[in-house]
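A.B. asks: Data: coords12.txt, compact mmCIF, C-alpha atoms.
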```txt
# COMPACT_ATOMS: atom_id res chain seq x y z
CA MET Q 1 61.52 28.91 -45.91
CA LYS Q 2 58.31 30.68 -45.05
CA PHE Q 3 56.60 30.00 -41.74
CA GLY Q 4 52.89 30.57 -41.27
CA VAL Q 5 51.65 31.18 -37.73
CA ALA Q 6 47.92 30.57 -37.32
CA ILE Q 7 45.89 32.92 -35.15
CA PHE Q 8 42.64 31.80 -33.54
CA PRO Q 9 40.47 33.97 -31.29
CA GLY Q 10 42.26 33.51 -27.94
CA SER Q 11 45.69 32.50 -29.27
CA ASN Q 12 48.32 34.25 -27.19
CA CYS Q 13 51.66 32.78 -28.27
CA ASP Q 14 51.24 33.79 -31.91
CA PHE Q 15 53.58 36.74 -31.52
CA ASP Q 16 56.08 34.66 -29.51
CA SER Q 17 56.30 32.24 -32.42
CA TYR Q 18 56.51 35.07 -34.95
CA TYR Q 19 59.22 36.73 -32.89
CA ALA Q 20 61.23 33.51 -32.44
CA ILE Q 21 61.42 33.00 -36.19
CA LYS Q 22 62.45 36.62 -36.75
CA ALA Q 23 64.98 36.58 -33.89
CA THR Q 24 66.63 33.37 -35.04
CA GLY Q 25 66.67 34.59 -38.63
CA LEU Q 26 65.66 31.14 -39.78
CA GLY Q 27 63.14 32.22 -42.35
CA GLU Q 28 60.32 34.50 -43.32
CA VAL Q 29 57.14 34.47 -41.30
CA ARG Q 30 53.56 35.59 -41.74
CA TYR Q 31 50.29 35.16 -39.89
CA LEU Q 32 47.39 33.00 -41.01
CA TRP Q 33 43.98 34.16 -39.79
CA HIS Q 34 41.57 31.50 -38.52
CA GLY Q 35 38.95 32.69 -41.00
CA ASP Q 36 41.29 32.29 -43.99
CA SER Q 37 40.80 29.26 -46.14
CA THR Q 38 44.30 28.95 -47.57
CA VAL Q 39 47.82 28.56 -46.22
CA ASP Q 40 49.09 30.32 -49.36
CA ASP Q 41 52.83 30.01 -49.95
CA CYS Q 42 53.78 28.86 -46.44
CA ASP Q 43 56.26 25.97 -46.19
CA ILE Q 44 55.85 25.30 -42.46
CA ILE Q 45 52.79 25.93 -40.28
CA ILE Q 46 52.83 26.65 -36.57
CA LEU Q 47 49.72 26.33 -34.43
CA PRO Q 48 50.61 28.50 -31.44
CA GLY Q 49 49.70 28.27 -27.79
CA GLY Q 50 46.89 30.10 -26.07
CA PHE Q 51 43.24 29.54 -25.29
CA SER Q 52 41.58 29.29 -28.68
CA TYR Q 53 37.85 29.98 -28.42
CA GLY Q 54 38.27 30.43 -24.66
CA ASP Q 55 39.00 26.71 -24.26
CA TYR Q 56 35.21 26.32 -24.29
CA LEU Q 57 33.98 22.71 -24.33
CA ARG Q 58 37.53 21.27 -24.43
CA SER Q 59 40.86 22.81 -25.36
CA GLY Q 60 41.11 22.94 -29.13
CA ALA Q 61 37.67 21.40 -29.72
CA ILE Q 62 36.20 24.40 -31.50
CA ALA Q 63 39.35 25.68 -33.24
CA ARG Q 64 39.60 22.44 -35.19
CA PHE Q 65 36.47 23.40 -37.15
CA SER Q 66 37.70 26.86 -38.18
CA PRO Q 67 38.20 27.48 -41.92
CA ILE Q 68 42.02 27.63 -41.70
CA MET Q 69 42.11 24.12 -40.19
CA LYS Q 70 40.55 22.68 -43.35
CA SER Q 71 43.45 23.96 -45.42
CA ILE Q 72 45.96 22.92 -42.75
CA ILE Q 73 44.57 19.37 -42.81
CA GLU Q 74 44.96 19.44 -46.60
CA PHE Q 75 48.51 20.79 -46.19
CA VAL Q 76 49.33 17.89 -43.84
CA ARG Q 77 47.92 15.38 -46.33
CA GLU Q 78 50.28 16.76 -48.95
CA GLY Q 79 53.20 16.20 -46.56
CA GLY Q 80 53.61 19.78 -45.31
CA PRO Q 81 55.22 20.14 -41.87
CA VAL Q 82 53.01 21.37 -39.03
CA MET Q 83 54.04 22.00 -35.44
CA GLY Q 84 51.44 22.50 -32.71
CA ILE Q 85 52.67 24.02 -29.48
CA CYS Q 86 50.61 23.74 -26.27
CA ASN Q 87 47.08 24.74 -27.35
CA GLY Q 88 48.26 24.01 -30.90
CA PHE Q 89 49.00 20.43 -29.79
CA GLN Q 90 45.50 20.21 -28.30
CA ILE Q 91 44.02 21.40 -31.61
CA LEU Q 92 45.99 18.76 -33.54
CA LEU Q 93 44.66 16.05 -31.19
CA GLU Q 94 41.08 17.26 -31.53
CA ALA Q 95 41.46 17.40 -35.31
CA GLY Q 96 42.62 13.79 -35.32
CA LEU Q 97 45.97 14.72 -36.90
CA LEU Q 98 47.65 13.19 -33.86
CA PRO Q 99 46.34 10.32 -31.70
CA GLY Q 100 45.27 10.60 -28.06
CA ALA Q 101 43.80 13.37 -25.95
CA ILE Q 102 44.76 15.88 -23.28
CA ARG Q 103 43.22 15.93 -19.80
CA LYS Q 104 43.45 18.42 -16.97
CA ASN Q 105 46.78 18.34 -15.12
CA SER Q 106 46.75 15.66 -12.44
CA GLY Q 107 47.56 18.30 -9.80
CA MET Q 108 44.57 20.42 -10.97
CA ARG Q 109 46.82 23.47 -11.22
CA PHE Q 110 48.13 25.67 -13.97
CA VAL Q 111 51.84 24.87 -14.13
CA CYS Q 112 54.24 27.53 -15.39
CA LYS Q 113 57.92 26.66 -15.13
CA ASP Q 114 60.93 25.38 -17.03
CA VAL Q 115 61.15 21.64 -17.56
CA TYR Q 116 63.74 19.31 -19.04
CA LEU Q 117 62.95 17.14 -22.01
CA LYS Q 118 64.56 13.96 -23.18
CA VAL Q 119 64.62 13.78 -26.96
CA GLU Q 120 63.37 10.25 -27.55
CA ASN Q 121 63.54 10.33 -31.32
CA ARG Q 122 66.28 12.40 -32.96
CA ALA Q 123 65.40 11.20 -36.43
CA THR Q 124 62.31 13.34 -36.99
CA LYS Q 125 62.25 16.47 -39.11
CA PHE Q 126 61.58 18.43 -35.92
CA THR Q 127 64.41 17.02 -33.81
CA HIS Q 128 67.36 16.02 -36.00
CA LYS Q 129 69.39 19.06 -34.93
CA CYS Q 130 69.05 18.21 -31.22
CA PRO Q 131 72.45 17.22 -29.83
CA GLU Q 132 72.90 13.64 -28.68
CA ASN Q 133 72.66 13.00 -24.93
CA LYS Q 134 71.49 16.52 -24.19
CA THR Q 135 68.28 17.34 -22.39
CA LEU Q 136 66.37 20.39 -23.61
CA ARG Q 137 65.32 23.05 -21.17
CA LEU Q 138 62.00 24.58 -22.23
CA PRO Q 139 59.17 26.36 -20.43
CA ILE Q 140 55.69 24.92 -19.98
CA ALA Q 141 52.57 26.95 -19.16
CA HIS Q 142 49.33 24.99 -19.11
CA ALA Q 143 46.49 23.67 -16.97
CA GLU Q 144 45.69 20.89 -19.40
CA GLY Q 145 48.77 19.03 -20.55
CA ASN Q 146 48.09 15.58 -19.20
CA TYR Q 147 48.51 13.39 -22.28
CA PHE Q 148 46.34 10.30 -22.54
CA ALA Q 149 46.12 7.48 -25.06
CA ASP Q 150 44.66 4.00 -24.77
CA ARG Q 151 46.90 0.93 -24.61
CA LYS Q 152 46.57 0.17 -28.31
CA THR Q 153 47.56 3.72 -29.30
CA LEU Q 154 50.52 3.69 -26.91
CA ASP Q 155 51.65 0.40 -28.38
CA PHE Q 156 51.83 1.77 -31.89
CA LEU Q 157 53.45 5.01 -30.70
CA HIS Q 158 56.18 2.81 -29.24
CA ALA Q 159 56.41 0.49 -32.21
CA GLU Q 160 56.71 3.38 -34.67
CA ASN Q 161 59.04 5.42 -32.45
CA ARG Q 162 56.65 8.36 -32.47
CA ILE Q 163 57.25 9.72 -28.98
CA ALA Q 164 59.43 12.77 -29.64
CA PHE Q 165 59.89 14.12 -26.11
CA ARG Q 166 59.44 12.98 -22.52
CA TYR Q 167 59.64 15.03 -19.33
CA CYS Q 168 62.80 14.19 -17.40
CA ASP Q 169 65.24 15.67 -14.89
CA LYS Q 170 68.32 17.64 -15.87
CA GLN Q 171 70.33 14.46 -16.32
CA GLY Q 172 67.72 12.88 -18.55
CA ASN Q 173 66.10 10.48 -16.07
CA VAL Q 174 62.43 10.03 -16.91
CA SER Q 175 60.62 9.78 -13.57
CA ASP Q 176 57.32 10.57 -11.84
CA GLU Q 177 59.05 13.45 -10.01
CA ALA Q 178 59.93 15.02 -13.35
CA ASN Q 179 56.37 14.70 -14.68
CA PRO Q 180 54.71 18.12 -14.29
CA ASN Q 181 51.16 17.22 -15.30
CA GLY Q 182 50.56 13.48 -14.97
CA ALA Q 183 51.05 12.78 -18.69
CA LEU Q 184 51.08 9.10 -19.51
CA GLU Q 185 54.66 7.81 -19.65
CA ASN Q 186 55.87 11.42 -19.24
CA ILE Q 187 54.95 12.12 -22.86
CA ALA Q 188 55.55 15.77 -23.78
CA GLY Q 189 55.40 15.52 -27.56
CA ILE Q 190 54.55 13.09 -30.35
CA VAL Q 191 54.70 12.95 -34.14
CA ASN Q 192 52.23 11.52 -36.64
CA GLU Q 193 52.71 8.40 -38.70
CA GLN Q 194 54.10 10.25 -41.73
CA GLY Q 195 56.45 12.26 -39.51
CA ASN Q 196 55.30 15.68 -40.73
CA VAL Q 197 53.19 16.70 -37.72
CA LEU Q 198 54.59 17.37 -34.24
CA GLY Q 199 52.54 18.26 -31.20
CA MET Q 200 54.22 19.28 -27.95
CA MET Q 201 53.16 20.93 -24.69
CA PRO Q 202 56.44 22.80 -23.92
CA HIS Q 203 57.20 26.09 -25.66
CA PRO Q 204 60.32 26.06 -27.87
CA GLU Q 205 59.42 29.52 -29.20
CA ARG Q 206 59.90 30.99 -25.72
CA ALA Q 207 63.42 29.60 -25.48
CA CYS Q 208 65.31 30.78 -28.52
CA GLU Q 209 67.62 33.33 -26.86
CA MET Q 210 69.84 33.02 -23.78
CA LEU Q 211 68.34 36.28 -22.56
CA LEU Q 212 65.16 34.27 -21.97
CA GLY Q 213 66.95 31.62 -19.92
CA SER Q 214 67.46 28.99 -22.61
CA SER Q 215 68.03 28.78 -26.32
CA ASP Q 216 67.30 25.05 -26.59
CA GLY Q 217 64.12 25.80 -28.53
CA ARG Q 218 66.30 26.78 -31.47
CA TYR Q 219 67.22 23.15 -32.11
CA ILE Q 220 63.62 22.47 -33.07
CA PHE Q 221 63.31 25.46 -35.39
CA GLU Q 222 66.71 24.71 -36.92
CA SER Q 223 65.67 21.10 -37.51
CA LEU Q 224 62.64 22.37 -39.40
CA VAL Q 225 64.57 24.57 -41.80
CA GLU Q 226 67.58 22.32 -42.32
CA LYS Q 227 67.27 19.07 -44.17
CA GLY Q 228 67.69 15.96 -42.07
CA ASN Q 229 69.53 12.78 -42.93
CA MET H 1 8.01 20.33 -37.22
CA VAL H 2 8.08 19.64 -33.51
CA LEU H 3 10.37 21.08 -30.89
CA PHE H 4 12.24 18.39 -28.94
CA ASN H 5 14.45 18.76 -25.91
CA ALA H 6 17.66 16.76 -26.03
CA ARG H 7 19.58 16.19 -22.83
CA ILE H 8 23.10 15.14 -23.68
CA GLU H 9 25.38 13.94 -20.94
CA VAL H 10 29.11 13.69 -21.63
CA ARG H 11 31.27 11.74 -19.17
CA PHE H 12 34.80 10.41 -18.97
CA LYS H 13 35.02 6.80 -20.06
CA LEU H 14 35.51 4.35 -17.24
CA GLY H 15 39.21 3.85 -16.67
CA VAL H 16 40.18 7.36 -17.81
CA LEU H 17 41.56 9.22 -14.82
CA ASP H 18 39.37 12.19 -13.95
CA PRO H 19 41.56 14.59 -11.91
CA GLN H 20 38.59 16.85 -11.15
CA GLY H 21 36.55 13.92 -9.83
CA GLU H 22 39.47 12.75 -7.69
CA THR H 23 39.90 16.21 -6.17
CA ILE H 24 36.18 16.51 -5.38
CA LYS H 25 36.18 13.02 -3.87
CA ASN H 26 39.06 13.93 -1.56
CA ALA H 27 37.29 17.14 -0.53
CA LEU H 28 34.13 15.20 0.29
CA LEU H 29 36.07 12.68 2.38
CA ASN H 30 37.67 15.61 4.23
CA LEU H 31 34.19 17.02 4.87
CA GLY H 32 33.25 13.77 6.53
CA PHE H 33 31.21 12.17 3.77
CA LEU H 34 32.40 8.67 4.40
CA GLY H 35 31.82 5.88 1.96
CA ILE H 36 32.43 7.95 -1.19
CA LYS H 37 34.20 5.51 -3.48
CA SER H 38 34.49 7.41 -6.72
CA ILE H 39 33.26 10.48 -8.58
CA ASN H 40 32.97 10.77 -12.31
CA THR H 41 32.49 14.34 -13.49
CA GLY H 42 30.92 15.33 -16.76
CA LYS H 43 28.94 17.93 -18.61
CA THR H 44 25.28 18.18 -19.45
CA PHE H 45 23.96 20.00 -22.50
CA ARG H 46 20.32 20.82 -23.12
CA VAL H 47 19.69 21.33 -26.78
CA ASN H 48 16.37 22.35 -28.34
CA ILE H 49 16.02 20.68 -31.70
CA GLU H 50 13.30 21.25 -34.25
CA ALA H 51 12.66 18.07 -36.20
CA GLU H 52 9.90 16.11 -37.86
CA THR H 53 10.09 13.04 -35.65
CA VAL H 54 11.68 11.97 -32.41
CA GLU H 55 13.99 9.65 -34.36
CA LYS H 56 15.28 12.50 -36.48
CA ALA H 57 15.85 14.65 -33.40
CA ARG H 58 17.73 11.79 -31.77
CA GLN H 59 19.85 11.38 -34.87
CA VAL H 60 20.81 15.05 -34.85
CA ALA H 61 21.60 14.93 -31.13
CA ASN H 62 23.77 11.84 -31.52
CA ASP H 63 25.57 13.34 -34.47
CA LEU H 64 26.39 16.65 -32.81
CA ALA H 65 27.48 14.93 -29.60
CA ASP H 66 29.75 12.61 -31.55
CA ARG H 67 31.26 15.34 -33.72
CA LEU H 68 31.71 18.12 -31.21
CA LEU H 69 30.36 17.78 -27.68
CA ALA H 70 32.29 14.63 -26.76
CA ASN H 71 35.83 13.57 -27.52
CA PRO H 72 35.46 9.84 -28.22
CA VAL H 73 39.07 9.18 -27.17
CA ILE H 74 38.29 9.92 -23.53
CA GLU H 75 34.54 10.53 -23.27
CA ASP H 76 31.22 8.72 -23.66
CA PHE H 77 27.85 10.37 -24.12
CA GLN H 78 24.20 9.58 -23.56
CA VAL H 79 21.25 11.20 -25.25
CA GLU H 80 17.72 11.53 -23.85
CA ILE H 81 14.98 13.11 -25.92
CA SER H 82 11.75 14.55 -24.59
CA GLN H 83 9.09 16.76 -26.04
```
Please express the file's structure as structure tokens.

C.D. replies:
Amino acid sequence: MKFGVAIFPGSNCDFDSYYAIKATGLGEVRYLWHGDSTVDDCDIIILPGGFSYGDYLRSGAIARFSPIMKSIIEFVREGGPVMGICNGFQILLEAGLLPGAIRKNSGMRFVCKDVYLKVENRATKFTHKCPENKTLRLPIAHAEGNYFADRKTLDFLHAENRIAFRYCDKQGNVSDEANPNGALENIAGIVNEQGNVLGMMPHPERACEMLLGSSDGRYIFESLVEKGN
Amino acid sequence: MVLFNARIEVRFKLGVLDPQGETIKNALLNLGFLGIKSINTGKTFRVNIEAETVEKARQVANDLADRLLANPVIEDFQVEISQ
């Protein structure tokens, strides 16, 4: 398996993602420059966190028009797996590869801390290695993570079981207290209709070794490289 | 070709929570500005467009607002053209 990590001007979790793949030994990894117009021989694409194009206009709004995104959209159409983390999630939303939008955090602050996630759908290609009845502990670091979708969109996300993660407490209770940014229904991550695109605000790549406080992020990378049911 | 000035205003759609607007509203109430019921924040862009007619300039302004300046999931926009 070969991972491709996209780099936009202002990405800052590109090396974290690169490192996580190296450290877990789950596959090969290379960078994809925003100006490139091909994803080459990559099997899995990661859109990393950061502040692409300075977050000018809206987070992810300008990155979606970069040359590499054209080939990533093509890659998605052909069924290739793409994971957008934090700013990468925002780019996927702006590109229309995932439904909804991200607003500023309801508390108007940048929030940087570990959160717990309830895995709502363990049947996706990004989550099938997550243990049953276990919450994931992953860090978040964002000022704009407040997921929004209109009623109609939420209805089909429910109907198609496309909510991958929700913010919860350690025991797995989804509550307002456990919602760090005001996201609708505590949504922390969703998948697309075909199930090959995941967008999530928390950072699994920063939680792949116990030395960093949690290795729960590994479940997501392991799901990606190992075939599901 | 004529130079037109497009004023494009992008705002949150009604019903979409605007955390910035809420925070400003609370600050204003704390400052003693009573009677403030709601604040809707937004962005204004002034774009100079060279075009043959006002209609064509308006078309360009609408198109660029729709494709890039506004996110139609959460935002509306309004275009005003002057010469």

A.B. asks: Smallest atom-to-atom distance to chain Q: which of H:Ile39, H:Leu31, H:Val10, H:Val60, using all atoms listed in the file?

C.D. replies: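 Between H:Ile39, H:Leu31, H:Val10, H:Val60, the residue approaching chain Q most closely is H:Val10.
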
A.B. asks: Which residues are near stretch 104-111 of chain Q? Cut-off 12 Å, only C-alpha atoms, ignore same chain within fewer than 6 positions. Put them as a PyMOL selection string.

C.D. replies: (chain Q and resi 55+58-59+90+139-148+176+179-184+201-202) or (chain H and resi 12+16-24+74)

A.B. asks: For atom CA of Q:Thr38 and atom CA of H:Val73, determine how far apart the two atoms are, in Å to one decimal place.

C.D. replies: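 Distance between the two atoms: 28.9 Å.
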
A.B. asks: What residues have an atom no more than 12 Å from (55.9, 8.9, -37.1) in the file's own frame, counting all atoms listed in the file, and can you write them as a list in words?

C.D. replies: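 These residues have at least one counted atom within 12 Å: Leu97, Leu98, Pro99, Asn121, Arg122, Ala123, Thr124, Lys125, Phe126, Phe156, Leu157, His158, Ala159, Glu160, Asn161, Arg162, Ile163, Ala164, Gly189, Ile190, Val191, Asn192, Glu193, Gln194, Gly195, Asn196, Val197, Leu198 and Gly199 of chain Q.
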
A.B. asks: Tell me which residues come within 12 Å of (11.9, 10.5, -33.8), as a list in words, counting only C-alpha atoms in the file's coordinates.

C.D. replies: Met1, Val2, Leu3, Phe4, Asn5, Ala6, Ile49, Glu50, Ala51, Glu52, Thr53, Val54, Glu55, Lys56, Ala57, Arg58, Gln59, Val60, Ala61, Glu80, Ile81, Ser82 and Gln83 of chain H

A.B. asks: Write out as a ChimeraX atom specification which residues come within 7 Å of Q:Ala6 when counting only C-alpha atoms, dropping same-chain ones fewer than 6 positions away.

C.D. replies: /Q:31-34,46-48

A.B. asks: Rounded to one decimal, what separation in Å do you get between atom CA of H:Asn48 and atom CA of H:Leu69?

C.D. replies: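 Separating atom CA of H:Asn48 from atom CA of H:Leu69 is a distance of 14.7 Å.
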